[in-house]
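Taking it in order: structure first as structure tokens, then the write-up.
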Amino acid sequence: MTNLIKYAKICEKVLAVIRIIIIVMAAVSEVALIVAIYLGRTIVDAINQHPTTMMTINSGGMTFHAPISAVPLPVSGIRWFFVVIMVLLAAIVLLGLRLIRLLRDLMIGMQEGRPFSDSSTSKVRQIGWWAIVFGIVAPFVSMAIYWFMFGSPNPVINVAGTSTQISFGYNINAVAIVIGIMMLLLSLVFDYGAKLQQQSDETL
């Protein structure tokens with residue numbers, strides 16, 4: 001039990017640091033996006049002056065490079081694109097902070113010497129469901145971004161002077177799904193442990 005409390009304290013401190021890092025990085029990113037929205041015209045002019053500048057796009061396990069001019073976004077379009085990115089970033093950050101809060105609550109419960117309780121079971125189960133939802137929904141978010149950028153889920157862009165059709169398919173996040181299932185199974189262990197703890201307390 002002593003080692004459990006020790007490791008729980010360490011994990012709780014690490015999660016607290018990660019939380020601060022996420023908040024700082026999110027704040028910097030949001031400010032940068034606000035500036036980008038304000039400089040929409042400047043960005044479009046820069047793209048028009050350097051149409052051969054290459055960008056890197058990741059889709060599932062595929063990575064490819066394309067001229068930045070292949071993205072047909074006017075000034076209003078590129079501003080809305082940054083707005084969409086801001087909203088999605090905020091949603092992801094809030095989800096991350098929620099998961100960190102649940103994990104920190106678990107660590108605090110372990111520090112108190114009571115790792116098994118109804119509260120802990122509920123938190124582990126919540127983490128599992130959130131992970132599964134993330135694994136299913138996240139691919140739709142990336143597809144929506146590409147659709148917004150290119151105006152189509154299967155755009156035809158100019159790559160090295162050749163017209164190429166690109167398809168952005170749905171790729172479920174299997175890692176998140178597996179982690180979610182494992183957390184749901186772990187919640188059953190916590191539930192069993194909570195019942196044993198309750199029986200022990202009633203016996204004493």
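Identifiers in this document derive from the order of the structure tokens: chains are assigned A, B, ..., residues are numbered from 1 separately in each chain, and ligands are numbered from 1 in order of occurrence.
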If you count only C-alpha atoms, which residues fall within 12 Å of A:Tyr7, apart from same-chain ones fewer than 4 positions away, as a ChimeraX atom specification? /A:1-3,11-14,106-108,110-111,113
With C-alpha atoms kept, could you save the residues just selected as an mmCIF file, in the first residue's frame?
```
data_model
loop_
_atom_site.group_PDB
_atom_site.id
_atom_site.type_symbol
_atom_site.label_atom_id
_atom_site.label_comp_id
_atom_site.auth_asym_id
_atom_site.auth_seq_id
_atom_site.Cartn_x
_atom_site.Cartn_y
_atom_site.Cartn_z
ATOM 1 C CA MET A 1 0.000 0.000 0.000
ATOM 2 C CA THR A 2 2.901 2.342 0.750
ATOM 3 C CA ASN A 3 4.253 1.961 -2.796
ATOM 4 C CA CYS A 11 1.419 10.385 -11.059
ATOM 5 C CA GLU A 12 -0.803 13.113 -9.623
ATOM 6 C CA LYS A 13 2.065 15.629 -9.805
ATOM 7 C CA VAL A 14 2.948 14.571 -13.376
ATOM 8 C CA LEU A 106 -8.241 8.490 -9.172
ATOM 9 C CA MET A 107 -4.704 9.235 -7.958
ATOM 10 C CA ILE A 108 -6.033 11.314 -5.053
ATOM 11 C CA MET A 110 -5.305 6.082 -4.074
ATOM 12 C CA GLN A 111 -3.283 8.507 -1.961
ATOM 13 C CA GLY A 113 -5.432 4.514 0.797
#
```
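Of note, atom CA of A:Ala8 and atom CA of A:Arg98 are spaced 18.3 Å apart.
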Counting only C-alpha atoms, which of A:Ser187, A:Ser200, A:Ser29, A:Thr121 gets nearest to A:Gly109? A:Thr121
As an exercise, work out the distance from atom CA of A:Gly180 to atom CA of A:Val137 in Å and give it to one decimal place.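 Atom CA of A:Val137 lies 13.4 Å from atom CA of A:Gly180.
Here atom CA of A:Ile92 stands at a distance of 13.8 Å from atom CA of A:Ile136.
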